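Colleague: Handing you a structure now.
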Amino acid sequence: KGASVVGQWRTAMAPRLSVVVPTYEEAANVRPLCTRLFAACRKANLEVDLLFVDDDSGEGTAQTVKAVEALKQEGFVVAVHVRARKEGKGLSSAVLLGLHKAKGDAMLVMDADLQHEPESVPQVAAPVLEGRAEFSVGSRHVSGGAVAQDWPLSRRIISMGATLLARPLTPCTDPMSGFFCISRKAFERAVKAELNPMGYKIGLELMVRSRSSKVVEVPITFRDREHGESKLTMKQNLLYLGHLAHLYRFCYPTTVVSILLVLALVGGYVLGHVPVRKYYRKWFLPRKKKIVWI
């Protein structure tokens, strides 16, 4: 049955898209995400393969693997990679691992919690597949985009503040989005720029470091999660601030270093904090350059 379903929409001329989905205790969402995704891509005459990258969570991982194996038996082009600890940890590094393993020339990333509608995949990927952009984003903030009505006010405020902080880095109205598509060429360029996968905002990291010639925003509706729990914590918010610091240094190295040097020196003298020079060298100085302290 599954093989015939896949065979109906696969054609020699269909564009090829690889979809990467990081998971952690998301087994309940594997089947609905897969079936909805393939149905949407079949309707759009889009050839797709799906890769789940699972952080080993014991029983949750076993259930995810079981669900994927059942879907493979039904003929869906789907796989799961259970990540070993030596391969890293955290959502961003899981996404990067999946992108490295992806086979398509266009690669789309989405969450496993079904807040990103699988039916929107063809639209989000279209600008990259058609060569109109190197990077496309499923955006809540452009005309036609929306969030679930009962999204908490606190989450809306945090999202708005995070977006404003990233504005000097990209004109994208929804740089926090984890629903995006990138061309292989742009991804390889980002890798050469020494990716720094901190926290959850890997889309912003790739968008900035790939220096994509054009970013297209596609309206989506951000839904409530159907299963599982939110992984957004205060720790992730703090990691985001650190992530921004690295990206600002990447985009504006001279300006950022000068400002931080002044702040470090002032803070050091005011607080009598001796290790200022040590941390300044570690975090902010370009490699292979020296500074003489007077």
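If you're wondering about the labels, chains in the structure tokens are A, B, ... by order shown, residues count from 1 in each chain, ligands from 1 in order shown.
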Within 10 Å of Lys103 (chain A), counting only C-alpha atoms, which residues qualify if same-chain residues fewer than 3 places away don't, as a ChimeraX atom specification?
Modeller: /A:16-19,48-51,98-100,106-107,184
Colleague: Write out as a PyMOL selection string which residues come within 7 Å of region 187-200 of chain A when counting only C-alpha atoms, dropping same-chain ones fewer than 2 positions away.
Modeller: chain A and resi 91-93+182-185+202+206+209-210+236+239-240+243
Colleague: Would you compute the distance between CA of Gly138 (chain A) and CA of Glu69 (chain A)? Give it in Å to one decimal.
Modeller: 29.0 Å
Colleague: If I take CA of Pro22 (chain A) and CA of Leu37 (chain A), how far is one from the other in Å, to one decimal?
Modeller: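 For CA of Pro22 (chain A) relative to CA of Leu37 (chain A), the distance reads 15.2 Å.
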Colleague: Please identify all polymer residues within 6 Å of region 117-125 of chain A, counting only C-alpha atoms, omitting same-chain residues fewer than 2 positions from it, and present them as JSON, numbers by chain.
Modeller: {"A": [36, 37, 40, 114, 127, 128, 138, 181, 218]}
Colleague: Of the candidates A:Arg85, A:Val208, A:Asp105, A:Ser139, which one gets nearest to Tyr252 (chain A) if we count only C-alpha atoms?
Modeller: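 Checking each candidate against Tyr252 (chain A), we get A:Val208 as the closest.
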Colleague: Could you state the separation of CA of Phe38 (chain A) and CA of Ser212 (chain A) in Å, given to one decimal place?
Modeller: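 Separation of CA of Phe38 (chain A) and CA of Ser212 (chain A): 28.0 Å.
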Colleague: Between A:Val53, A:Ala67, A:Ala186, A:Leu204, which is the closest to Gly88 (chain A) once you count only C-alpha atoms?
Modeller: A:Val53
Colleague: Neighbouring residues of Phe52 (chain A) were defined as those with any atom within 8 Å, considering only C-alpha atoms; residues of the same chain fewer than 5 positions away were excluded. Please report them as a list of chain:residue names.
Modeller: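 Result of the neighbour search: A:Val20, A:Val21, A:Pro22, A:Thr23, A:Val78, A:Ala79, A:Val80, A:His81, A:Gly98.
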Colleague: As a ChimeraX atom specification, which residues of region 53-273 of chain A does DSSP assign to strand (DSSP E or B)?
Modeller: /A:53-55,78-83,106-109,116,135-139,146-147,180-183,215-219,221-222
Colleague: Among region 81-238 of chain A, which residues does DSSP mark as helix (DSSP H, G or I) when it is run on the backbone? Keep the chain and numbering as in the structure and answer as a tab-separated table (two decimals) with all heavy atoms, in the first residue's frame.
Modeller:
```tsv
chain	number	residue	atom	x	y	z
A	85	ARG	N	26.18	10.03	21.86
A	85	ARG	CA	26.63	11.18	22.64
A	85	ARG	C	27.86	11.84	22.02
A	85	ARG	O	28.03	13.05	22.09
A	85	ARG	CB	26.93	10.75	24.08
A	85	ARG	CG	25.69	10.36	24.87
A	85	ARG	CD	24.67	11.48	24.91
A	85	ARG	NE	23.46	11.10	25.63
A	85	ARG	CZ	22.34	11.80	25.59
A	85	ARG	NH1	22.27	12.88	24.84
A	85	ARG	NH2	21.28	11.40	26.27
A	86	LYS	N	28.74	11.03	21.43
A	86	LYS	CA	29.96	11.59	20.84
A	86	LYS	C	29.66	12.45	19.62
A	86	LYS	O	30.52	13.20	19.15
A	86	LYS	CB	30.91	10.46	20.45
A	86	LYS	CG	30.38	9.54	19.36
A	86	LYS	CD	31.37	8.44	19.04
A	86	LYS	CE	30.84	7.53	17.93
A	86	LYS	NZ	31.80	6.45	17.60
A	87	GLU	N	28.43	12.35	19.08
A	87	GLU	CA	28.04	13.15	17.93
A	87	GLU	C	27.47	14.50	18.34
A	87	GLU	O	27.08	15.30	17.48
A	87	GLU	CB	27.02	12.40	17.07
A	87	GLU	CG	27.57	11.15	16.42
A	87	GLU	CD	26.53	10.41	15.61
A	87	GLU	OE1	25.58	9.87	16.21
A	87	GLU	OE2	26.66	10.37	14.37
A	91	LEU	N	19.47	20.57	20.18
A	91	LEU	CA	18.71	20.64	18.94
A	91	LEU	C	19.53	21.14	17.76
A	91	LEU	O	19.47	20.58	16.66
A	91	LEU	CB	17.48	21.53	19.14
A	91	LEU	CG	16.53	21.66	17.94
A	91	LEU	CD1	15.09	21.68	18.41
A	91	LEU	CD2	16.83	22.92	17.15
A	92	SER	N	20.29	22.20	17.94
A	92	SER	CA	21.01	22.80	16.82
A	92	SER	C	22.01	21.85	16.20
A	92	SER	O	22.10	21.71	14.97
A	92	SER	CB	21.71	24.09	17.26
A	92	SER	OG	20.77	25.10	17.54
A	93	SER	N	22.79	21.16	17.04
A	93	SER	CA	23.77	20.24	16.49
A	93	SER	C	23.09	19.03	15.86
A	93	SER	O	23.62	18.44	14.91
A	93	SER	CB	24.75	19.79	17.58
A	93	SER	OG	24.08	19.16	18.65
A	94	ALA	N	21.90	18.65	16.36
A	94	ALA	CA	21.14	17.57	15.73
A	94	ALA	C	20.71	17.96	14.33
A	94	ALA	O	20.77	17.17	13.38
A	94	ALA	CB	19.92	17.21	16.58
A	95	VAL	N	20.26	19.20	14.17
A	95	VAL	CA	19.86	19.69	12.85
A	95	VAL	C	21.05	19.68	11.90
A	95	VAL	O	20.94	19.24	10.75
A	95	VAL	CB	19.27	21.12	12.95
A	95	VAL	CG1	19.12	21.74	11.57
A	95	VAL	CG2	17.92	21.07	13.66
A	96	LEU	N	22.20	20.15	12.36
A	96	LEU	CA	23.38	20.18	11.50
A	96	LEU	C	23.79	18.78	11.08
A	96	LEU	O	24.17	18.56	9.92
A	96	LEU	CB	24.53	20.88	12.21
A	96	LEU	CG	24.38	22.38	12.44
A	96	LEU	CD1	25.62	22.95	13.12
A	96	LEU	CD2	24.11	23.11	11.14
A	97	LEU	N	23.72	17.84	11.99
A	97	LEU	CA	24.04	16.45	11.65
A	97	LEU	C	23.09	15.95	10.57
A	97	LEU	O	23.51	15.30	9.60
A	97	LEU	CB	23.95	15.57	12.90
A	97	LEU	CG	24.21	14.07	12.70
A	97	LEU	CD1	25.62	13.85	12.17
A	97	LEU	CD2	23.99	13.32	14.01
A	98	GLY	N	21.81	16.25	10.72
A	98	GLY	CA	20.83	15.83	9.72
A	98	GLY	C	21.07	16.48	8.36
A	98	GLY	O	20.94	15.82	7.33
A	99	LEU	N	21.44	17.74	8.35
A	99	LEU	CA	21.71	18.42	7.09
A	99	LEU	C	22.94	17.83	6.39
A	99	LEU	O	22.97	17.72	5.16
A	99	LEU	CB	21.91	19.92	7.33
A	99	LEU	CG	20.67	20.69	7.78
A	99	LEU	CD1	21.02	22.14	8.12
A	99	LEU	CD2	19.58	20.66	6.71
A	100	HIS	N	23.92	17.45	7.17
A	100	HIS	CA	25.11	16.81	6.58
A	100	HIS	C	24.74	15.46	5.96
A	100	HIS	O	25.34	15.05	4.96
A	100	HIS	CB	26.19	16.62	7.64
A	100	HIS	CG	27.02	17.84	7.91
A	100	HIS	ND1	27.89	18.36	6.98
A	100	HIS	CD2	27.10	18.64	9.00
A	100	HIS	CE1	28.49	19.43	7.49
A	100	HIS	NE2	28.02	19.63	8.70
A	101	LYS	N	23.77	14.77	6.54
A	101	LYS	CA	23.38	13.45	6.04
A	101	LYS	C	22.32	13.54	4.94
A	101	LYS	O	22.07	12.54	4.23
A	101	LYS	CB	22.82	12.60	7.20
A	101	LYS	CG	23.87	12.19	8.21
A	101	LYS	CD	23.26	11.34	9.31
A	101	LYS	CE	24.34	10.78	10.22
A	101	LYS	NZ	25.24	9.84	9.52
A	118	PRO	N	2.83	20.19	8.37
A	118	PRO	CA	3.45	19.50	7.24
A	118	PRO	C	2.88	19.93	5.89
A	118	PRO	O	3.58	19.90	4.87
A	118	PRO	CB	3.13	18.02	7.52
A	118	PRO	CG	2.98	17.96	9.02
A	118	PRO	CD	2.32	19.26	9.39
A	119	GLU	N	1.63	20.37	5.88
A	119	GLU	CA	1.00	20.81	4.63
A	119	GLU	C	1.65	22.07	4.06
A	119	GLU	O	1.47	22.40	2.89
A	119	GLU	CB	-0.50	21.07	4.87
A	119	GLU	CG	-1.31	19.82	5.12
A	119	GLU	CD	-1.16	19.26	6.53
A	119	GLU	OE1	-0.62	20.00	7.41
A	119	GLU	OE2	-1.57	18.11	6.77
A	120	SER	N	2.41	22.79	4.89
A	120	SER	CA	3.07	24.01	4.43
A	120	SER	C	4.46	23.76	3.85
A	120	SER	O	5.08	24.68	3.31
A	120	SER	CB	3.21	25.00	5.61
A	120	SER	OG	1.94	25.42	6.08
A	121	VAL	N	4.94	22.54	3.93
A	121	VAL	CA	6.29	22.24	3.46
A	121	VAL	C	6.52	22.61	2.00
A	121	VAL	O	7.52	23.27	1.67
A	121	VAL	CB	6.65	20.77	3.72
A	121	VAL	CG1	7.89	20.34	2.93
A	121	VAL	CG2	6.88	20.54	5.21
A	122	PRO	N	5.64	22.23	1.07
A	122	PRO	CA	5.89	22.59	-0.33
A	122	PRO	C	6.00	24.10	-0.56
A	122	PRO	O	6.84	24.56	-1.34
A	122	PRO	CB	4.67	22.01	-1.07
A	122	PRO	CG	4.23	20.86	-0.22
A	122	PRO	CD	4.45	21.35	1.19
A	123	GLN	N	5.18	24.88	0.15
A	123	GLN	CA	5.22	26.33	-0.02
A	123	GLN	C	6.50	26.93	0.56
A	123	GLN	O	7.11	27.82	-0.04
A	123	GLN	CB	3.99	26.97	0.65
A	123	GLN	CG	2.67	26.71	-0.03
A	123	GLN	CD	2.16	25.31	0.18
A	123	GLN	OE1	2.37	24.73	1.25
A	123	GLN	NE2	1.51	24.74	-0.83
A	124	VAL	N	6.92	26.44	1.73
A	124	VAL	CA	8.12	26.97	2.35
A	124	VAL	C	9.36	26.61	1.53
A	124	VAL	O	10.29	27.42	1.39
A	124	VAL	CB	8.27	26.44	3.80
A	124	VAL	CG1	9.61	26.85	4.41
A	124	VAL	CG2	7.12	26.97	4.67
A	125	ALA	N	9.37	25.43	0.94
A	125	ALA	CA	10.54	24.98	0.16
A	125	ALA	C	10.57	25.56	-1.25
A	125	ALA	O	11.64	25.60	-1.87
A	125	ALA	CB	10.55	23.45	0.09
A	126	ALA	N	9.43	26.00	-1.76
A	126	ALA	CA	9.33	26.41	-3.16
A	126	ALA	C	10.36	27.45	-3.61
A	126	ALA	O	10.98	27.30	-4.66
A	126	ALA	CB	7.91	26.90	-3.47
A	127	PRO	N	10.59	28.53	-2.85
A	127	PRO	CA	11.56	29.54	-3.31
A	127	PRO	C	12.96	28.97	-3.55
A	127	PRO	O	13.65	29.38	-4.49
A	127	PRO	CB	11.57	30.57	-2.17
A	127	PRO	CG	10.22	30.43	-1.54
A	127	PRO	CD	9.92	28.96	-1.60
A	128	VAL	N	13.38	28.01	-2.71
A	128	VAL	CA	14.70	27.41	-2.87
A	128	VAL	C	14.69	26.41	-4.01
A	128	VAL	O	15.59	26.38	-4.86
A	128	VAL	CB	15.16	26.74	-1.56
A	128	VAL	CG1	16.50	26.02	-1.76
A	128	VAL	CG2	15.29	27.78	-0.45
A	129	LEU	N	13.66	25.58	-4.07
A	129	LEU	CA	13.56	24.56	-5.12
A	129	LEU	C	13.48	25.20	-6.51
A	129	LEU	O	14.00	24.65	-7.49
A	129	LEU	CB	12.33	23.68	-4.89
A	129	LEU	CG	12.42	22.71	-3.70
A	129	LEU	CD1	11.05	22.12	-3.42
A	129	LEU	CD2	13.43	21.61	-3.98
A	153	LEU	N	0.70	35.29	26.18
A	153	LEU	CA	1.22	36.63	25.98
A	153	LEU	C	2.71	36.69	26.27
A	153	LEU	O	3.46	37.40	25.58
A	153	LEU	CB	0.46	37.61	26.88
A	153	LEU	CG	0.93	39.08	26.83
A	153	LEU	CD1	0.76	39.64	25.43
A	153	LEU	CD2	0.16	39.92	27.85
A	154	SER	N	3.16	35.96	27.29
A	154	SER	CA	4.58	35.97	27.64
A	154	SER	C	5.43	35.46	26.48
A	154	SER	O	6.51	36.01	26.20
A	154	SER	CB	4.82	35.11	28.88
A	154	SER	OG	4.41	33.77	28.66
A	155	ARG	N	4.96	34.42	25.79
A	155	ARG	CA	5.70	33.88	24.65
A	155	ARG	C	5.74	34.91	23.51
A	155	ARG	O	6.74	35.04	22.81
A	155	ARG	CB	5.05	32.59	24.15
A	155	ARG	CG	5.24	31.39	25.05
A	155	ARG	CD	6.67	30.88	25.04
A	155	ARG	NE	7.12	30.50	23.73
A	155	ARG	CZ	6.93	29.31	23.18
A	155	ARG	NH1	6.25	28.37	23.84
A	155	ARG	NH2	7.40	29.03	21.98
A	156	ARG	N	4.64	35.63	23.32
A	156	ARG	CA	4.60	36.65	22.27
A	156	ARG	C	5.60	37.77	22.55
A	156	ARG	O	6.29	38.25	21.65
A	156	ARG	CB	3.18	37.23	22.16
A	156	ARG	CG	2.13	36.22	21.68
A	156	ARG	CD	0.74	36.83	21.74
A	156	ARG	NE	-0.30	35.86	21.46
A	156	ARG	CZ	-0.86	35.66	20.25
A	156	ARG	NH1	-0.47	36.40	19.24
A	156	ARG	NH2	-1.78	34.75	20.08
A	157	ILE	N	5.68	38.18	23.82
A	157	ILE	CA	6.60	39.25	24.19
A	157	ILE	C	8.05	38.80	24.02
A	157	ILE	O	8.89	39.54	23.48
A	157	ILE	CB	6.34	39.69	25.65
A	157	ILE	CG1	4.95	40.35	25.74
A	157	ILE	CG2	7.42	40.65	26.13
A	157	ILE	CD1	4.53	40.68	27.16
A	158	ILE	N	8.35	37.58	24.48
A	158	ILE	CA	9.71	37.04	24.32
A	158	ILE	C	10.09	36.95	22.86
A	158	ILE	O	11.20	37.33	22.45
A	158	ILE	CB	9.82	35.66	25.00
A	158	ILE	CG1	9.72	35.80	26.52
A	158	ILE	CG2	11.13	34.97	24.61
A	158	ILE	CD1	9.64	34.48	27.26
A	159	SER	N	9.17	36.47	22.04
A	159	SER	CA	9.43	36.34	20.61
A	159	SER	C	9.69	37.70	19.96
A	159	SER	O	10.60	37.86	19.15
A	159	SER	CB	8.24	35.65	19.93
A	159	SER	OG	8.45	35.55	18.53
A	160	MET	N	8.89	38.69	20.35
A	160	MET	CA	9.05	40.03	19.79
A	160	MET	C	10.40	40.63	20.18
A	160	MET	O	11.11	41.21	19.35
A	160	MET	CB	7.91	40.94	20.28
A	160	MET	CG	7.94	42.35	19.68
A	160	MET	SD	6.59	43.37	20.35
A	160	MET	CE	5.16	42.41	19.88
A	161	GLY	N	10.77	40.47	21.46
A	161	GLY	CA	12.06	41.00	21.91
A	161	GLY	C	13.22	40.32	21.23
A	161	GLY	O	14.20	40.96	20.82
A	162	ALA	N	13.15	38.99	21.09
A	162	ALA	CA	14.22	38.24	20.43
A	162	ALA	C	14.37	38.66	18.97
A	162	ALA	O	15.49	38.76	18.45
A	162	ALA	CB	13.94	36.74	20.52
A	163	THR	N	13.25	38.92	18.32
A	163	THR	CA	13.28	39.35	16.92
A	163	THR	C	13.93	40.72	16.78
A	163	THR	O	14.74	40.95	15.88
A	163	THR	CB	11.85	39.39	16.35
A	163	THR	OG1	11.30	38.06	16.39
A	163	THR	CG2	11.85	39.87	14.90
A	164	LEU	N	13.61	41.63	17.68
A	164	LEU	CA	14.20	42.97	17.64
A	164	LEU	C	15.71	42.93	17.85
A	164	LEU	O	16.46	43.65	17.19
A	164	LEU	CB	13.54	43.86	18.70
A	164	LEU	CG	12.09	44.28	18.42
A	164	LEU	CD1	11.51	45.03	19.61
A	164	LEU	CD2	12.00	45.14	17.16
A	165	LEU	N	16.15	42.05	18.75
A	165	LEU	CA	17.59	41.93	19.00
A	165	LEU	C	18.34	41.41	17.78
A	165	LEU	O	19.52	41.72	17.59
A	165	LEU	CB	17.83	41.00	20.19
A	165	LEU	CG	17.44	41.56	21.58
A	165	LEU	CD1	17.57	40.47	22.63
A	165	LEU	CD2	18.29	42.76	21.93
A	166	ALA	N	17.66	40.62	16.96
A	166	ALA	CA	18.31	40.05	15.77
A	166	ALA	C	18.18	40.93	14.54
A	166	ALA	O	18.77	40.62	13.50
A	166	ALA	CB	17.71	38.66	15.48
A	184	ARG	N	21.78	23.53	-0.76
A	184	ARG	CA	23.02	22.88	-0.36
A	184	ARG	C	24.21	23.82	-0.51
A	184	ARG	O	25.12	23.84	0.32
A	184	ARG	CB	23.24	21.61	-1.19
A	184	ARG	CG	24.51	20.86	-0.79
A	184	ARG	CD	24.52	19.47	-1.34
A	184	ARG	NE	23.44	18.68	-0.78
A	184	ARG	CZ	23.48	18.10	0.42
A	184	ARG	NH1	24.55	18.25	1.19
A	184	ARG	NH2	22.47	17.38	0.85
A	185	LYS	N	24.20	24.62	-1.56
A	185	LYS	CA	25.30	25.55	-1.78
A	185	LYS	C	25.42	26.54	-0.63
A	185	LYS	O	26.53	26.82	-0.13
A	185	LYS	CB	25.08	26.31	-3.10
A	185	LYS	CG	26.19	27.27	-3.47
A	185	LYS	CD	25.90	27.92	-4.81
A	185	LYS	CE	27.01	28.90	-5.20
A	185	LYS	NZ	26.72	29.56	-6.51
A	186	ALA	N	24.29	27.08	-0.18
A	186	ALA	CA	24.31	28.03	0.94
A	186	ALA	C	24.74	27.32	2.23
A	186	ALA	O	25.47	27.90	3.05
A	186	ALA	CB	22.94	28.66	1.12
A	187	PHE	N	24.30	26.09	2.43
A	187	PHE	CA	24.68	25.34	3.63
A	187	PHE	C	26.18	25.10	3.66
A	187	PHE	O	26.83	25.29	4.70
A	187	PHE	CB	23.94	24.01	3.67
A	187	PHE	CG	24.36	23.13	4.81
A	187	PHE	CD1	24.15	23.50	6.13
A	187	PHE	CD2	24.99	21.91	4.57
A	187	PHE	CE1	24.55	22.69	7.19
A	187	PHE	CE2	25.39	21.10	5.61
A	187	PHE	CZ	25.17	21.49	6.92
A	188	GLU	N	26.75	24.72	2.54
A	188	GLU	CA	28.19	24.47	2.48
A	188	GLU	C	28.97	25.76	2.75
A	188	GLU	O	30.03	25.74	3.38
A	188	GLU	CB	28.56	23.88	1.12
A	188	GLU	CG	28.03	22.46	0.94
A	188	GLU	CD	28.26	21.93	-0.46
A	188	GLU	OE1	28.65	22.73	-1.35
A	188	GLU	OE2	28.02	20.72	-0.70
A	189	ARG	N	28.43	26.89	2.30
A	189	ARG	CA	29.08	28.18	2.57
A	189	ARG	C	29.03	28.50	4.07
A	189	ARG	O	29.99	29.02	4.63
A	189	ARG	CB	28.37	29.26	1.75
A	189	ARG	CG	29.15	30.55	1.63
A	189	ARG	CD	28.60	31.42	0.53
A	189	ARG	NE	27.20	31.75	0.71
A	189	ARG	CZ	26.24	31.43	-0.18
A	189	ARG	NH1	26.53	30.78	-1.29
A	189	ARG	NH2	24.99	31.78	0.05
A	190	ALA	N	27.91	28.19	4.70
A	190	ALA	CA	27.78	28.43	6.14
A	190	ALA	C	28.74	27.55	6.93
A	190	ALA	O	29.33	27.99	7.92
A	190	ALA	CB	26.34	28.17	6.58
A	191	VAL	N	28.91	26.31	6.49
A	191	VAL	CA	29.83	25.39	7.17
A	191	VAL	C	31.25	25.94	7.12
A	191	VAL	O	32.00	25.90	8.11
A	191	VAL	CB	29.77	23.99	6.54
A	191	VAL	CG1	30.89	23.10	7.08
A	191	VAL	CG2	28.42	23.35	6.79
A	192	LYS	N	31.64	26.49	5.98
A	192	LYS	CA	32.98	27.06	5.85
A	192	LYS	C	33.17	28.29	6.74
A	192	LYS	O	34.29	28.63	7.09
A	192	LYS	CB	33.23	27.43	4.39
A	192	LYS	CG	33.36	26.23	3.46
A	192	LYS	CD	33.60	26.66	2.02
A	192	LYS	CE	33.71	25.46	1.10
A	192	LYS	NZ	33.90	25.86	-0.33
A	202	ILE	N	19.03	27.56	15.28
A	202	ILE	CA	19.95	27.17	14.21
A	202	ILE	C	19.56	27.82	12.89
A	202	ILE	O	20.42	28.06	12.03
A	202	ILE	CB	19.99	25.63	14.08
A	202	ILE	CG1	21.08	25.20	13.09
A	202	ILE	CG2	18.63	25.07	13.69
A	202	ILE	CD1	22.48	25.62	13.48
A	203	GLY	N	18.29	28.13	12.71
A	203	GLY	CA	17.87	28.81	11.48
A	203	GLY	C	18.54	30.17	11.35
A	203	GLY	O	19.03	30.53	10.28
A	204	LEU	N	18.57	30.94	12.43
A	204	LEU	CA	19.23	32.24	12.44
A	204	LEU	C	20.72	32.07	12.17
A	204	LEU	O	21.31	32.84	11.41
A	204	LEU	CB	18.99	32.94	13.77
A	204	LEU	CG	19.70	34.27	13.98
A	204	LEU	CD1	19.22	35.31	12.97
A	204	LEU	CD2	19.46	34.79	15.41
A	205	GLU	N	21.33	31.09	12.79
A	205	GLU	CA	22.76	30.82	12.59
A	205	GLU	C	23.07	30.57	11.11
A	205	GLU	O	24.00	31.15	10.55
A	205	GLU	CB	23.16	29.59	13.44
A	205	GLU	CG	24.56	29.10	13.21
A	205	GLU	CD	25.63	29.91	13.93
A	205	GLU	OE1	25.27	30.80	14.72
A	205	GLU	OE2	26.82	29.64	13.69
A	206	LEU	N	22.29	29.71	10.48
A	206	LEU	CA	22.52	29.39	9.07
A	206	LEU	C	22.22	30.58	8.16
A	206	LEU	O	22.93	30.83	7.18
A	206	LEU	CB	21.67	28.18	8.67
A	206	LEU	CG	22.10	26.85	9.26
A	206	LEU	CD1	21.01	25.80	9.05
A	206	LEU	CD2	23.41	26.38	8.64
A	207	MET	N	21.17	31.31	8.50
A	207	MET	CA	20.78	32.46	7.69
A	207	MET	C	21.89	33.50	7.65
A	207	MET	O	22.22	34.06	6.59
A	207	MET	CB	19.50	33.08	8.27
A	207	MET	CG	18.82	34.10	7.39
A	207	MET	SD	17.42	34.90	8.27
A	207	MET	CE	16.50	33.49	8.87
A	208	VAL	N	22.50	33.76	8.82
A	208	VAL	CA	23.53	34.80	8.91
A	208	VAL	C	24.85	34.33	8.33
A	208	VAL	O	25.47	35.00	7.51
A	208	VAL	CB	23.71	35.23	10.39
A	208	VAL	CG1	24.90	36.17	10.53
A	208	VAL	CG2	22.43	35.92	10.90
A	209	ARG	N	25.29	33.15	8.72
A	209	ARG	CA	26.62	32.71	8.30
A	209	ARG	C	26.69	32.25	6.85
A	209	ARG	O	27.76	32.24	6.26
A	209	ARG	CB	27.12	31.60	9.23
A	209	ARG	CG	27.38	32.10	10.65
A	209	ARG	CD	28.12	31.08	11.48
A	209	ARG	NE	28.21	31.51	12.88
A	209	ARG	CZ	29.23	32.19	13.40
A	209	ARG	NH1	30.25	32.54	12.63
A	209	ARG	NH2	29.24	32.54	14.67
A	234	MET	N	14.50	29.12	30.48
A	234	MET	CA	15.31	30.31	30.71
A	234	MET	C	16.74	30.08	30.24
A	234	MET	O	17.40	30.99	29.73
A	234	MET	CB	15.29	30.67	32.19
A	234	MET	CG	16.10	31.92	32.52
A	234	MET	SD	15.57	33.38	31.56
A	234	MET	CE	13.93	33.64	32.25
A	235	LYS	N	17.24	28.85	30.40
A	235	LYS	CA	18.58	28.54	29.93
A	235	LYS	C	18.70	28.77	28.43
A	235	LYS	O	19.70	29.32	27.94
A	235	LYS	CB	18.93	27.08	30.25
A	235	LYS	CG	20.31	26.66	29.75
A	235	LYS	CD	20.58	25.19	30.05
A	235	LYS	CE	21.94	24.78	29.49
A	235	LYS	NZ	22.21	23.34	29.77
A	236	GLN	N	17.67	28.39	27.69
A	236	GLN	CA	17.69	28.60	26.24
A	236	GLN	C	17.64	30.09	25.90
A	236	GLN	O	18.28	30.53	24.94
A	236	GLN	CB	16.50	27.88	25.58
A	236	GLN	CG	16.59	26.36	25.65
A	236	GLN	CD	17.86	25.82	25.02
A	236	GLN	OE1	18.34	26.35	24.03
A	236	GLN	NE2	18.39	24.75	25.61
A	237	ASN	N	16.92	30.86	26.69
A	237	ASN	CA	16.89	32.31	26.47
A	237	ASN	C	18.27	32.93	26.67
A	237	ASN	O	18.70	33.80	25.91
A	237	ASN	CB	15.87	32.97	27.41
A	237	ASN	CG	14.44	32.58	27.08
A	237	ASN	OD1	14.14	32.24	25.94
A	237	ASN	ND2	13.57	32.63	28.06
A	238	LEU	N	18.98	32.47	27.69
A	238	LEU	CA	20.32	32.98	27.95
A	238	LEU	C	21.30	32.53	26.87
A	238	LEU	O	22.18	33.29	26.45
A	238	LEU	CB	20.80	32.51	29.33
A	238	LEU	CG	20.02	33.07	30.53
A	238	LEU	CD1	20.51	32.45	31.83
A	238	LEU	CD2	20.13	34.59	30.58
```
Colleague: Neighbouring residues of Ser213 (chain A) were defined as those with any atom within 9 Å, considering only C-alpha atoms; residues of the same chain fewer than 2 positions away were excluded. Please report them as a list in words.
Modeller: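 The contact residues come out as Ala133, Glu134, Phe135, Ala186, Ser210, Arg211 and Val215 of chain A.
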Colleague: Since we have the selection now, will you write its residues out, keeping N, CA and C atoms, as a JSON list (two decimals), in the first residue's frame?
Modeller:
```json
[["chain", "number", "residue", "atom", "x", "y", "z"],
["A", 133, "ALA", "N", 15.58, 31.78, -4.38],
["A", 133, "ALA", "CA", 16.27, 32.17, -3.15],
["A", 133, "ALA", "C", 17.17, 31.04, -2.70],
["A", 134, "GLU", "N", 18.15, 31.38, -1.88],
["A", 134, "GLU", "CA", 19.01, 30.36, -1.29],
["A", 134, "GLU", "C", 18.49, 29.94, 0.08],
["A", 135, "PHE", "N", 17.60, 30.75, 0.64],
["A", 135, "PHE", "CA", 17.10, 30.50, 1.98],
["A", 135, "PHE", "C", 15.65, 30.98, 2.05],
["A", 186, "ALA", "N", 24.29, 27.08, -0.18],
["A", 186, "ALA", "CA", 24.31, 28.03, 0.94],
["A", 186, "ALA", "C", 24.74, 27.32, 2.23],
["A", 210, "SER", "N", 25.56, 31.89, 6.26],
["A", 210, "SER", "CA", 25.57, 31.52, 4.84],
["A", 210, "SER", "C", 25.64, 32.74, 3.94],
["A", 211, "ARG", "N", 25.33, 33.91, 4.52],
["A", 211, "ARG", "CA", 25.27, 35.15, 3.74],
["A", 211, "ARG", "C", 24.48, 34.93, 2.44],
["A", 215, "VAL", "N", 16.69, 35.98, 0.98],
["A", 215, "VAL", "CA", 15.88, 35.21, 1.93],
["A", 215, "VAL", "C", 14.41, 35.54, 1.66]]
```
